[in-house]
>>> print(open('query.pdb').read())   # PDB, C-alpha atoms
ATOM      1  CA  MET A 300      -1.938 -32.453  32.262  1.00  0.00           C
ATOM      2  CA  ARG A 301      -5.085 -33.980  30.772  1.00  0.00           C
ATOM      3  CA  VAL A 302      -6.359 -32.950  27.336  1.00  0.00           C
ATOM      4  CA  CYS A 303     -10.141 -32.521  27.383  1.00  0.00           C
ATOM      5  CA  TYR A 304     -10.650 -31.304  23.810  1.00  0.00           C
ATOM      6  CA  GLU A 305      -8.468 -30.470  20.813  1.00  0.00           C
ATOM      7  CA  ASP A 306      -8.728 -29.633  17.141  1.00  0.00           C
ATOM      8  CA  ASN A 307      -6.693 -27.621  14.652  1.00  0.00           C
ATOM      9  CA  HIS A 308      -7.591 -24.275  16.258  1.00  0.00           C
ATOM     10  CA  ILE A 309      -8.011 -24.794  20.017  1.00  0.00           C
ATOM     11  CA  ILE A 310      -6.989 -27.109  22.825  1.00  0.00           C
ATOM     12  CA  ILE A 311      -8.597 -27.360  26.277  1.00  0.00           C
ATOM     13  CA  VAL A 312      -6.631 -28.945  29.103  1.00  0.00           C
ATOM     14  CA  GLU A 313      -7.137 -29.602  32.791  1.00  0.00           C
ATOM     15  CA  LYS A 314      -4.726 -27.669  34.997  1.00  0.00           C
ATOM     16  CA  LYS A 315      -3.586 -29.046  38.344  1.00  0.00           C
ATOM     17  CA  SER A 316      -3.371 -26.783  41.375  1.00  0.00           C
ATOM     18  CA  GLY A 317       0.181 -25.465  41.725  1.00  0.00           C
ATOM     19  CA  GLU A 318       0.763 -25.159  37.984  1.00  0.00           C
ATOM     20  CA  ILE A 319       1.128 -21.745  36.399  1.00  0.00           C
ATOM     21  CA  VAL A 320      -0.488 -21.022  33.047  1.00  0.00           C
ATOM     22  CA  GLN A 321       2.046 -18.416  31.886  1.00  0.00           C
ATOM     23  CA  GLY A 322       5.578 -17.551  32.922  1.00  0.00           C
ATOM     24  CA  ASP A 323       6.107 -15.390  36.010  1.00  0.00           C
ATOM     25  CA  LYS A 324       8.988 -14.187  38.185  1.00  0.00           C
ATOM     26  CA  THR A 325       9.506 -17.700  39.605  1.00  0.00           C
ATOM     27  CA  GLY A 326      10.750 -18.943  36.253  1.00  0.00           C
ATOM     28  CA  ASP A 327       8.932 -22.238  36.840  1.00  0.00           C
ATOM     29  CA  ARG A 328       7.857 -24.392  33.925  1.00  0.00           C
ATOM     30  CA  THR A 329       4.365 -23.464  32.772  1.00  0.00           C
ATOM     31  CA  LEU A 330       1.254 -25.263  31.620  1.00  0.00           C
ATOM     32  CA  ALA A 331       1.692 -23.511  28.265  1.00  0.00           C
ATOM     33  CA  ASP A 332       5.163 -25.104  27.989  1.00  0.00           C
ATOM     34  CA  ASP A 333       3.658 -28.542  28.632  1.00  0.00           C
ATOM     35  CA  VAL A 334       0.920 -28.012  26.044  1.00  0.00           C
ATOM     36  CA  LYS A 335       3.466 -26.902  23.435  1.00  0.00           C
ATOM     37  CA  THR A 336       5.550 -30.019  24.112  1.00  0.00           C
ATOM     38  CA  TYR A 337       2.445 -32.200  23.815  1.00  0.00           C
ATOM     39  CA  ILE A 338       1.471 -30.649  20.461  1.00  0.00           C
ATOM     40  CA  LYS A 339       5.019 -30.882  19.109  1.00  0.00           C
ATOM     41  CA  GLU A 340       5.282 -34.580  20.004  1.00  0.00           C
ATOM     42  CA  ALA A 341       1.717 -35.623  19.156  1.00  0.00           C
ATOM     43  CA  TYR A 342       1.760 -34.028  15.710  1.00  0.00           C
ATOM     44  CA  ALA A 343       5.523 -34.216  14.973  1.00  0.00           C
ATOM     45  CA  LYS A 344       5.601 -30.446  14.532  1.00  0.00           C
ATOM     46  CA  PRO A 345       8.906 -29.067  13.247  1.00  0.00           C
ATOM     47  CA  GLY A 346      10.167 -25.806  14.702  1.00  0.00           C
ATOM     48  CA  GLU A 347       8.367 -23.586  17.195  1.00  0.00           C
ATOM     49  CA  VAL A 348       4.785 -24.443  18.141  1.00  0.00           C
ATOM     50  CA  PHE A 349       2.264 -21.570  18.157  1.00  0.00           C
ATOM     51  CA  LEU A 350       0.138 -21.394  21.304  1.00  0.00           C
ATOM     52  CA  GLY A 351      -1.962 -18.440  22.408  1.00  0.00           C
ATOM     53  CA  VAL A 352      -2.957 -17.854  26.040  1.00  0.00           C
ATOM     54  CA  VAL A 353      -6.471 -16.387  26.221  1.00  0.00           C
ATOM     55  CA  HIS A 354      -7.202 -16.670  29.962  1.00  0.00           C
ATOM     56  CA  ARG A 355      -5.539 -17.806  33.177  1.00  0.00           C
ATOM     57  CA  LEU A 356      -6.316 -19.455  36.493  1.00  0.00           C
ATOM     58  CA  ASP A 357      -4.579 -18.548  39.749  1.00  0.00           C
ATOM     59  CA  ARG A 358      -1.699 -20.878  40.565  1.00  0.00           C
ATOM     60  CA  PRO A 359      -3.476 -22.665  43.471  1.00  0.00           C
ATOM     61  CA  VAL A 360      -6.681 -23.125  41.427  1.00  0.00           C
ATOM     62  CA  SER A 361      -7.306 -26.199  39.269  1.00  0.00           C
ATOM     63  CA  GLY A 362      -9.545 -26.737  36.271  1.00  0.00           C
ATOM     64  CA  LEU A 363     -10.099 -26.108  32.597  1.00  0.00           C
ATOM     65  CA  VAL A 364      -7.926 -23.772  30.541  1.00  0.00           C
ATOM     66  CA  VAL A 365      -8.434 -22.926  26.857  1.00  0.00           C
ATOM     67  CA  PHE A 366      -5.486 -22.244  24.542  1.00  0.00           C
ATOM     68  CA  ALA A 367      -5.511 -21.115  20.923  1.00  0.00           C
ATOM     69  CA  ARG A 368      -3.511 -23.104  18.370  1.00  0.00           C
ATOM     70  CA  THR A 369      -3.861 -20.520  15.571  1.00  0.00           C
ATOM     71  CA  SER A 370      -3.677 -16.728  15.428  1.00  0.00           C
ATOM     72  CA  LYS A 371      -7.212 -16.636  13.997  1.00  0.00           C
ATOM     73  CA  ALA A 372      -8.568 -18.547  16.991  1.00  0.00           C
ATOM     74  CA  LEU A 373      -6.528 -16.417  19.398  1.00  0.00           C
ATOM     75  CA  SER A 374      -7.930 -13.081  18.230  1.00  0.00           C
ATOM     76  CA  ARG A 375     -11.488 -14.389  18.124  1.00  0.00           C
ATOM     77  CA  LEU A 376     -11.258 -16.062  21.546  1.00  0.00           C
ATOM     78  CA  ASN A 377      -9.821 -12.875  23.039  1.00  0.00           C
ATOM     79  CA  ASP A 378     -12.864 -10.982  21.739  1.00  0.00           C
ATOM     80  CA  MET A 379     -15.230 -13.677  23.051  1.00  0.00           C
ATOM     81  CA  PHE A 380     -13.746 -13.595  26.549  1.00  0.00           C
ATOM     82  CA  ARG A 381     -13.865  -9.786  26.552  1.00  0.00           C
ATOM     83  CA  ARG A 382     -17.545  -9.810  25.536  1.00  0.00           C
ATOM     84  CA  GLY A 383     -18.457 -12.490  28.096  1.00  0.00           C
ATOM     85  CA  GLU A 384     -19.361 -15.096  25.468  1.00  0.00           C
ATOM     86  CA  VAL A 385     -17.428 -17.883  27.192  1.00  0.00           C
ATOM     87  CA  HIS A 386     -19.488 -19.478  29.965  1.00  0.00           C
ATOM     88  CA  LYS A 387     -17.428 -20.739  32.913  1.00  0.00           C
ATOM     89  CA  VAL A 388     -18.701 -22.539  36.001  1.00  0.00           C
ATOM     90  CA  TYR A 389     -16.580 -23.015  39.097  1.00  0.00           C
ATOM     91  CA  ARG A 390     -16.992 -25.312  42.089  1.00  0.00           C
ATOM     92  CA  ALA A 391     -15.584 -24.687  45.551  1.00  0.00           C
ATOM     93  CA  LEU A 392     -15.463 -26.422  48.925  1.00  0.00           C
ATOM     94  CA  VAL A 393     -16.167 -24.191  51.935  1.00  0.00           C
ATOM     95  CA  LYS A 394     -16.297 -25.209  55.583  1.00  0.00           C
ATOM     96  CA  GLU A 395     -18.945 -22.716  56.707  1.00  0.00           C
ATOM     97  CA  MET A 396     -22.519 -22.846  55.466  1.00  0.00           C
ATOM     98  CA  PRO A 397     -23.231 -19.696  53.391  1.00  0.00           C
ATOM     99  CA  PRO A 398     -25.917 -17.287  54.673  1.00  0.00           C
ATOM    100  CA  LYS A 399     -28.231 -18.329  51.821  1.00  0.00           C
ATOM    101  CA  GLU A 400     -28.365 -21.485  49.729  1.00  0.00           C
ATOM    102  CA  GLU A 401     -28.314 -19.338  46.580  1.00  0.00           C
ATOM    103  CA  ASP A 402     -27.429 -15.681  46.158  1.00  0.00           C
ATOM    104  CA  GLU A 403     -25.853 -13.016  43.983  1.00  0.00           C
ATOM    105  CA  LEU A 404     -22.930 -11.282  45.660  1.00  0.00           C
ATOM    106  CA  VAL A 405     -22.072  -7.685  44.790  1.00  0.00           C
ATOM    107  CA  HIS A 406     -18.955  -6.108  46.286  1.00  0.00           C
ATOM    108  CA  TRP A 407     -16.359  -3.519  45.405  1.00  0.00           C
ATOM    109  CA  LEU A 408     -12.850  -4.993  45.274  1.00  0.00           C
ATOM    110  CA  VAL A 409      -9.563  -3.195  45.819  1.00  0.00           C
ATOM    111  CA  ARG A 410      -6.424  -4.972  44.684  1.00  0.00           C
ATOM    112  CA  ASN A 411      -3.238  -4.714  46.741  1.00  0.00           C
ATOM    113  CA  GLU A 412      -0.476  -5.654  44.318  1.00  0.00           C
ATOM    114  CA  LYS A 413       2.261  -5.839  46.971  1.00  0.00           C
ATOM    115  CA  GLN A 414       0.272  -8.434  48.911  1.00  0.00           C
ATOM    116  CA  ASN A 415      -1.150 -10.043  45.751  1.00  0.00           C
ATOM    117  CA  LYS A 416      -4.534  -9.893  47.459  1.00  0.00           C
ATOM    118  CA  SER A 417      -7.916  -8.218  46.989  1.00  0.00           C
ATOM    119  CA  TYR A 418     -10.152  -6.691  49.639  1.00  0.00           C
ATOM    120  CA  ALA A 419     -13.952  -6.587  49.381  1.00  0.00           C
ATOM    121  CA  TYR A 420     -16.191  -3.733  50.475  1.00  0.00           C
ATOM    122  CA  ASP A 421     -19.978  -3.439  50.646  1.00  0.00           C
ATOM    123  CA  HIS A 422     -19.872   0.002  49.045  1.00  0.00           C
ATOM    124  CA  GLU A 423     -17.766   1.803  46.471  1.00  0.00           C
ATOM    125  CA  VAL A 424     -14.414   3.045  47.760  1.00  0.00           C
ATOM    126  CA  PRO A 425     -11.450   4.724  46.006  1.00  0.00           C
ATOM    127  CA  ASN A 426      -9.740   2.516  43.393  1.00  0.00           C
ATOM    128  CA  SER A 427     -12.397  -0.193  43.736  1.00  0.00           C
ATOM    129  CA  LYS A 428     -14.003  -2.241  40.962  1.00  0.00           C
ATOM    130  CA  ARG A 429     -17.507  -3.679  41.130  1.00  0.00           C
ATOM    131  CA  ALA A 430     -17.538  -7.474  41.391  1.00  0.00           C
ATOM    132  CA  ILE A 431     -20.574  -9.710  40.878  1.00  0.00           C
ATOM    133  CA  LEU A 432     -20.941 -13.468  41.169  1.00  0.00           C
ATOM    134  CA  HIS A 433     -23.789 -15.925  41.604  1.00  0.00           C
ATOM    135  CA  TYR A 434     -23.461 -18.994  43.795  1.00  0.00           C
ATOM    136  CA  ARG A 435     -25.677 -21.875  44.800  1.00  0.00           C
ATOM    137  CA  LEU A 436     -25.253 -24.709  47.259  1.00  0.00           C
ATOM    138  CA  ILE A 437     -25.264 -28.010  45.358  1.00  0.00           C
ATOM    139  CA  GLY A 438     -24.104 -30.611  47.864  1.00  0.00           C
ATOM    140  CA  HIS A 439     -21.924 -31.626  50.775  1.00  0.00           C
ATOM    141  CA  THR A 440     -18.964 -33.779  51.707  1.00  0.00           C
ATOM    142  CA  GLU A 441     -18.494 -35.105  55.239  1.00  0.00           C
ATOM    143  CA  ARG A 442     -17.007 -31.817  56.406  1.00  0.00           C
ATOM    144  CA  TYR A 443     -17.566 -29.258  53.680  1.00  0.00           C
ATOM    145  CA  HIS A 444     -20.236 -27.598  51.564  1.00  0.00           C
ATOM    146  CA  ILE A 445     -20.011 -27.581  47.758  1.00  0.00           C
ATOM    147  CA  LEU A 446     -20.804 -24.329  45.978  1.00  0.00           C
ATOM    148  CA  GLU A 447     -21.287 -23.826  42.251  1.00  0.00           C
ATOM    149  CA  ILE A 448     -20.254 -20.356  41.120  1.00  0.00           C
ATOM    150  CA  GLU A 449     -20.750 -18.273  37.993  1.00  0.00           C
ATOM    151  CA  LEU A 450     -18.842 -15.049  37.552  1.00  0.00           C
ATOM    152  CA  LYS A 451     -20.588 -11.981  36.188  1.00  0.00           C
ATOM    153  CA  THR A 452     -17.339  -9.954  36.275  1.00  0.00           C
ATOM    154  CA  GLY A 453     -13.694 -10.977  36.178  1.00  0.00           C
ATOM    155  CA  ARG A 454     -11.717  -9.381  39.014  1.00  0.00           C
ATOM    156  CA  HIS A 455      -8.451 -10.331  40.714  1.00  0.00           C
ATOM    157  CA  HIS A 456      -9.083 -13.251  43.124  1.00  0.00           C
ATOM    158  CA  GLN A 457     -12.784 -12.467  42.846  1.00  0.00           C
ATOM    159  CA  ILE A 458     -14.293 -15.791  43.956  1.00  0.00           C
ATOM    160  CA  ARG A 459     -11.769 -16.244  46.766  1.00  0.00           C
ATOM    161  CA  CYS A 460     -12.260 -12.713  48.042  1.00  0.00           C
ATOM    162  CA  GLN A 461     -16.058 -12.525  47.801  1.00  0.00           C
ATOM    163  CA  LEU A 462     -16.661 -15.906  49.449  1.00  0.00           C
ATOM    164  CA  ALA A 463     -14.297 -14.936  52.283  1.00  0.00           C
ATOM    165  CA  LYS A 464     -16.232 -11.685  52.691  1.00  0.00           C
ATOM    166  CA  ILE A 465     -19.427 -13.625  53.509  1.00  0.00           C
ATOM    167  CA  GLY A 466     -17.582 -15.860  55.981  1.00  0.00           C
ATOM    168  CA  CYS A 467     -16.968 -18.773  53.609  1.00  0.00           C
ATOM    169  CA  PRO A 468     -13.242 -18.917  52.753  1.00  0.00           C
ATOM    170  CA  ILE A 469     -12.371 -21.706  50.333  1.00  0.00           C
ATOM    171  CA  LYS A 470     -10.821 -24.878  51.780  1.00  0.00           C
ATOM    172  CA  GLY A 471      -7.038 -24.527  51.838  1.00  0.00           C
ATOM    173  CA  ASP A 472      -7.020 -20.793  51.023  1.00  0.00           C
ATOM    174  CA  LEU A 473      -4.860 -19.432  53.853  1.00  0.00           C
ATOM    175  CA  LYS A 474      -4.578 -16.041  52.155  1.00  0.00           C
ATOM    176  CA  TYR A 475      -8.320 -15.497  52.517  1.00  0.00           C
ATOM    177  CA  GLY A 476      -8.948 -16.968  55.925  1.00  0.00           C
ATOM    178  CA  ALA A 477      -8.907 -20.779  55.728  1.00  0.00           C
ATOM    179  CA  GLN A 478      -7.608 -22.329  58.944  1.00  0.00           C
ATOM    180  CA  ARG A 479      -5.272 -24.851  57.332  1.00  0.00           C
ATOM    181  CA  SER A 480      -3.668 -25.573  53.976  1.00  0.00           C
ATOM    182  CA  ASN A 481      -4.448 -28.473  51.674  1.00  0.00           C
ATOM    183  CA  PRO A 482      -1.870 -31.295  51.488  1.00  0.00           C
ATOM    184  CA  ASN A 483      -1.014 -30.348  47.899  1.00  0.00           C
ATOM    185  CA  GLY A 484      -0.676 -26.632  48.694  1.00  0.00           C
ATOM    186  CA  GLY A 485      -3.574 -25.713  46.393  1.00  0.00           C
ATOM    187  CA  ILE A 486      -7.063 -24.531  47.224  1.00  0.00           C
ATOM    188  CA  SER A 487     -10.370 -26.324  46.652  1.00  0.00           C
ATOM    189  CA  LEU A 488     -11.548 -24.120  43.798  1.00  0.00           C
ATOM    190  CA  THR A 489     -11.894 -25.597  40.323  1.00  0.00           C
ATOM    191  CA  ALA A 490     -12.870 -24.208  36.930  1.00  0.00           C
ATOM    192  CA  TYR A 491     -15.336 -27.060  36.590  1.00  0.00           C
ATOM    193  CA  SER A 492     -16.901 -26.502  33.162  1.00  0.00           C
ATOM    194  CA  ILE A 493     -16.528 -24.238  30.176  1.00  0.00           C
ATOM    195  CA  SER A 494     -18.752 -23.788  27.135  1.00  0.00           C
ATOM    196  CA  PHE A 495     -18.692 -21.529  24.083  1.00  0.00           C
ATOM    197  CA  VAL A 496     -19.272 -21.420  20.351  1.00  0.00           C
ATOM    198  CA  HIS A 497     -16.112 -22.511  18.539  1.00  0.00           C
ATOM    199  CA  PRO A 498     -14.386 -19.373  17.160  1.00  0.00           C
ATOM    200  CA  VAL A 499     -13.843 -20.940  13.707  1.00  0.00           C
ATOM    201  CA  SER A 500     -16.179 -23.908  13.140  1.00  0.00           C
ATOM    202  CA  LYS A 501     -19.068 -22.302  15.125  1.00  0.00           C
ATOM    203  CA  LYS A 502     -20.020 -25.622  16.722  1.00  0.00           C
ATOM    204  CA  ASN A 503     -20.901 -25.743  20.413  1.00  0.00           C
ATOM    205  CA  ILE A 504     -18.011 -26.751  22.659  1.00  0.00           C
ATOM    206  CA  GLU A 505     -18.558 -27.894  26.239  1.00  0.00           C
ATOM    207  CA  CYS A 506     -16.062 -29.502  28.611  1.00  0.00           C
ATOM    208  CA  THR A 507     -16.587 -30.626  32.204  1.00  0.00           C
ATOM    209  CA  ILE A 508     -14.361 -32.275  34.791  1.00  0.00           C
ATOM    210  CA  GLU A 509     -15.443 -34.695  37.479  1.00  0.00           C
ATOM    211  CA  THR A 510     -13.912 -33.748  40.821  1.00  0.00           C
ATOM    212  CA  ILE A 511     -12.796 -30.694  42.772  1.00  0.00           C
ATOM    213  CA  ASP A 512     -10.749 -32.188  45.603  1.00  0.00           C
ATOM    214  CA  ALA A 513      -9.065 -35.570  45.798  1.00  0.00           C
ATOM    215  CA  GLN A 514      -9.244 -35.506  49.608  1.00  0.00           C
ATOM    216  CA  GLU A 515     -12.976 -34.716  49.676  1.00  0.00           C
ATOM    217  CA  PRO A 516     -14.986 -36.826  47.168  1.00  0.00           C
ATOM    218  CA  MET A 517     -18.184 -35.028  46.183  1.00  0.00           C
ATOM    219  CA  ALA A 518     -21.480 -36.320  47.528  1.00  0.00           C
ATOM    220  CA  LEU A 519     -24.221 -34.676  45.507  1.00  0.00           C
TER     221      LEU A 519
END
>>> encode(input="query.pdb", output="structure tokens")
Amino acid sequence: MRVCYEDNHIIIVEKKSGEIVQGDKTGDRTLADDVKTYIKEAYAKPGEVFLGVVHRLDRPVSGLVVFARTSKALSRLNDMFRRGEVHKVYRALVKEMPPKEEDELVHWLVRNEKQNKSYAYDHEVPNSKRAILHYRLIGHTERYHILEIELKTGRHHQIRCQLAKIGCPIKGDLKYGAQRSNPNGGISLTAYSISFVHPVSKKNIECTIETIDAQEPMAL
């Protein structure tokens, strides 16, 4: 775990692929547990440490995660995420060249909870939710293309599902059509940057990380 930003009200950390943000049926230790331990030790906090989860990343996805350290920050951040006031940019490695170098994708997604998977359709179908994202090609590695992605909606597995729909499954994402897994079991999708107005101090906060795949250094 790497701390990218912290103050009295919020903390932003970099999640590794394979880590879970919150507890699930596996019972595995969570990123939230690690952050609580860090705060307790760094600030010699007695008793239970307060930490609010305001958003999550899929287990195989890496990147930036924001936590609230106070109840005031938690309620305000929840409202900001709900209103779309937190700007997130993702980067992904895909093997196939997308149909266009830049495009807005609009699909209707249906979530299958038993399979923990979403399916994309070009038109509205029963139980579907409209999903919109914008992508642009920003570079290449020796074998892959690098896409930068901004979500306009927040649906289950949205980026993974929509990119697979246009023939560009994310590197390592077997669930959505990649041919082979990554050595670390994750997928090459990273929450690369996040920016927002601080919920308490009102100053501009922006964090960015440097890489999306240790096996494929970026060549921009």
>>> resolve_selection(input="query.pdb", expression="the PyMOL selection byres ((chain A and resi 408) around 8)", output="VMD selection string")
chain A and resid 406 to 407 409 to 410 417 to 420 427 to 430 454 457
>>> atom_distance(input="query.pdb", atom1="atom CA of Glu347 of chain A", atom2="atom CA of Ala490 of chain A")
29.0 Å
>>> resolve_selection(input="query.pdb", expression="the PyMOL selection byres ((chain A and resi 472) around 10)", output="list in words")
Pro359, Val360, Val393, Arg459, Ala463, Pro468, Ile469, Lys470, Gly471, Leu473, Lys474, Tyr475, Gly476, Ala477, Gln478, Arg479, Ser480, Asn481, Gly484, Gly485, Ile486, Ser487 and Leu488 of chain A
>>> atom_distance(input="query.pdb", atom1="atom CA of Leu432 of chain A", atom2="atom CA of Glu403 of chain A")
5.7 Å
>>> closest_residue(input="query.pdb", among="A:His433, A:Arg390, A:His308, A:Lys399", to="Gly351 of chain A", atoms="all atoms listed in the file")
A:His308
>>> residues_around(input="query.pdb", residues="Ala372 of chain A", least_positions_apart="2", cutoff="10 Å", atoms="all atoms listed in the file", output="ChimeraX atom specification")
/A:307-309,351,353,366-370,374-378,497-499
>>> atom_distance(input="query.pdb", atom1="atom CA of Gly438 of chain A", atom2="atom CA of Ser316 of chain A")
22.1 Å
>>> closest_residue(input="query.pdb", among="A:Ile319, A:Val312, A:Leu363, A:Ile493", to="Ile338 of chain A", atoms="all atoms listed in the file")
A:Val312
>>> build_atoms(input="query.pdb", residues="segment 465-490 of chain A", atoms="N, CA and C atoms", output="PDB file, in the frame of the given file")
ATOM      1  N   ILE A 465     -18.176 -13.177  52.890  1.00  0.00           N
ATOM      2  CA  ILE A 465     -19.427 -13.625  53.509  1.00  0.00           C
ATOM      3  C   ILE A 465     -19.175 -14.746  54.537  1.00  0.00           C
ATOM      4  N   GLY A 466     -17.916 -14.883  54.946  1.00  0.00           N
ATOM      5  CA  GLY A 466     -17.582 -15.860  55.981  1.00  0.00           C
ATOM      6  C   GLY A 466     -17.381 -17.270  55.498  1.00  0.00           C
ATOM      7  N   CYS A 467     -17.122 -17.437  54.197  1.00  0.00           N
ATOM      8  CA  CYS A 467     -16.968 -18.773  53.609  1.00  0.00           C
ATOM      9  C   CYS A 467     -15.660 -18.894  52.827  1.00  0.00           C
ATOM     10  N   PRO A 468     -14.503 -18.748  53.496  1.00  0.00           N
ATOM     11  CA  PRO A 468     -13.242 -18.917  52.753  1.00  0.00           C
ATOM     12  C   PRO A 468     -13.148 -20.327  52.174  1.00  0.00           C
ATOM     13  N   ILE A 469     -12.504 -20.429  51.027  1.00  0.00           N
ATOM     14  CA  ILE A 469     -12.371 -21.706  50.333  1.00  0.00           C
ATOM     15  C   ILE A 469     -11.381 -22.611  51.079  1.00  0.00           C
ATOM     16  N   LYS A 470     -11.688 -23.890  51.131  1.00  0.00           N
ATOM     17  CA  LYS A 470     -10.821 -24.878  51.780  1.00  0.00           C
ATOM     18  C   LYS A 470      -9.383 -24.748  51.260  1.00  0.00           C
ATOM     19  N   GLY A 471      -8.450 -24.614  52.183  1.00  0.00           N
ATOM     20  CA  GLY A 471      -7.038 -24.527  51.838  1.00  0.00           C
ATOM     21  C   GLY A 471      -6.528 -23.137  51.527  1.00  0.00           C
ATOM     22  N   ASP A 472      -7.418 -22.142  51.457  1.00  0.00           N
ATOM     23  CA  ASP A 472      -7.020 -20.793  51.023  1.00  0.00           C
ATOM     24  C   ASP A 472      -6.588 -19.947  52.219  1.00  0.00           C
ATOM     25  N   LEU A 473      -5.373 -20.148  52.688  1.00  0.00           N
ATOM     26  CA  LEU A 473      -4.860 -19.432  53.853  1.00  0.00           C
ATOM     27  C   LEU A 473      -4.880 -17.922  53.656  1.00  0.00           C
ATOM     28  N   LYS A 474      -4.630 -17.485  52.434  1.00  0.00           N
ATOM     29  CA  LYS A 474      -4.578 -16.041  52.155  1.00  0.00           C
ATOM     30  C   LYS A 474      -5.901 -15.361  52.458  1.00  0.00           C
ATOM     31  N   TYR A 475      -7.002 -16.098  52.315  1.00  0.00           N
ATOM     32  CA  TYR A 475      -8.320 -15.497  52.517  1.00  0.00           C
ATOM     33  C   TYR A 475      -9.064 -16.103  53.709  1.00  0.00           C
ATOM     34  N   GLY A 476      -8.313 -16.644  54.662  1.00  0.00           N
ATOM     35  CA  GLY A 476      -8.948 -16.968  55.925  1.00  0.00           C
ATOM     36  C   GLY A 476      -9.173 -18.425  56.257  1.00  0.00           C
ATOM     37  N   ALA A 477      -8.784 -19.359  55.383  1.00  0.00           N
ATOM     38  CA  ALA A 477      -8.907 -20.779  55.728  1.00  0.00           C
ATOM     39  C   ALA A 477      -7.974 -21.094  56.896  1.00  0.00           C
ATOM     40  N   GLN A 478      -8.374 -22.029  57.742  1.00  0.00           N
ATOM     41  CA  GLN A 478      -7.608 -22.329  58.944  1.00  0.00           C
ATOM     42  C   GLN A 478      -6.388 -23.188  58.670  1.00  0.00           C
ATOM     43  N   ARG A 479      -6.424 -24.000  57.627  1.00  0.00           N
ATOM     44  CA  ARG A 479      -5.272 -24.851  57.332  1.00  0.00           C
ATOM     45  C   ARG A 479      -5.138 -25.031  55.820  1.00  0.00           C
ATOM     46  N   SER A 480      -3.940 -25.392  55.403  1.00  0.00           N
ATOM     47  CA  SER A 480      -3.668 -25.573  53.976  1.00  0.00           C
ATOM     48  C   SER A 480      -4.087 -26.968  53.534  1.00  0.00           C
ATOM     49  N   ASN A 481      -4.229 -27.150  52.246  1.00  0.00           N
ATOM     50  CA  ASN A 481      -4.448 -28.473  51.674  1.00  0.00           C
ATOM     51  C   ASN A 481      -3.111 -29.211  51.559  1.00  0.00           C
ATOM     52  N   PRO A 482      -3.123 -30.537  51.597  1.00  0.00           N
ATOM     53  CA  PRO A 482      -1.870 -31.295  51.488  1.00  0.00           C
ATOM     54  C   PRO A 482      -1.051 -30.951  50.241  1.00  0.00           C
ATOM     55  N   ASN A 483      -1.738 -30.646  49.142  1.00  0.00           N
ATOM     56  CA  ASN A 483      -1.014 -30.348  47.899  1.00  0.00           C
ATOM     57  C   ASN A 483      -0.659 -28.871  47.756  1.00  0.00           C
ATOM     58  N   GLY A 484      -1.003 -28.054  48.748  1.00  0.00           N
ATOM     59  CA  GLY A 484      -0.676 -26.632  48.694  1.00  0.00           C
ATOM     60  C   GLY A 484      -1.637 -25.804  47.870  1.00  0.00           C
ATOM     61  N   GLY A 485      -2.596 -26.452  47.195  1.00  0.00           N
ATOM     62  CA  GLY A 485      -3.574 -25.713  46.393  1.00  0.00           C
ATOM     63  C   GLY A 485      -4.783 -25.342  47.223  1.00  0.00           C
ATOM     64  N   ILE A 486      -5.802 -24.829  46.564  1.00  0.00           N
ATOM     65  CA  ILE A 486      -7.063 -24.531  47.224  1.00  0.00           C
ATOM     66  C   ILE A 486      -8.181 -25.286  46.503  1.00  0.00           C
ATOM     67  N   SER A 487      -9.287 -25.497  47.206  1.00  0.00           N
ATOM     68  CA  SER A 487     -10.370 -26.324  46.652  1.00  0.00           C
ATOM     69  C   SER A 487     -11.334 -25.491  45.813  1.00  0.00           C
ATOM     70  N   LEU A 488     -10.780 -24.885  44.791  1.00  0.00           N
ATOM     71  CA  LEU A 488     -11.548 -24.120  43.798  1.00  0.00           C
ATOM     72  C   LEU A 488     -11.147 -24.629  42.428  1.00  0.00           C
ATOM     73  N   THR A 489     -12.142 -24.998  41.635  1.00  0.00           N
ATOM     74  CA  THR A 489     -11.894 -25.597  40.323  1.00  0.00           C
ATOM     75  C   THR A 489     -12.751 -24.930  39.253  1.00  0.00           C
ATOM     76  N   ALA A 490     -12.117 -24.620  38.126  1.00  0.00           N
ATOM     77  CA  ALA A 490     -12.870 -24.208  36.930  1.00  0.00           C
ATOM     78  C   ALA A 490     -13.470 -25.484  36.357  1.00  0.00           C
TER      79      ALA A 490
END
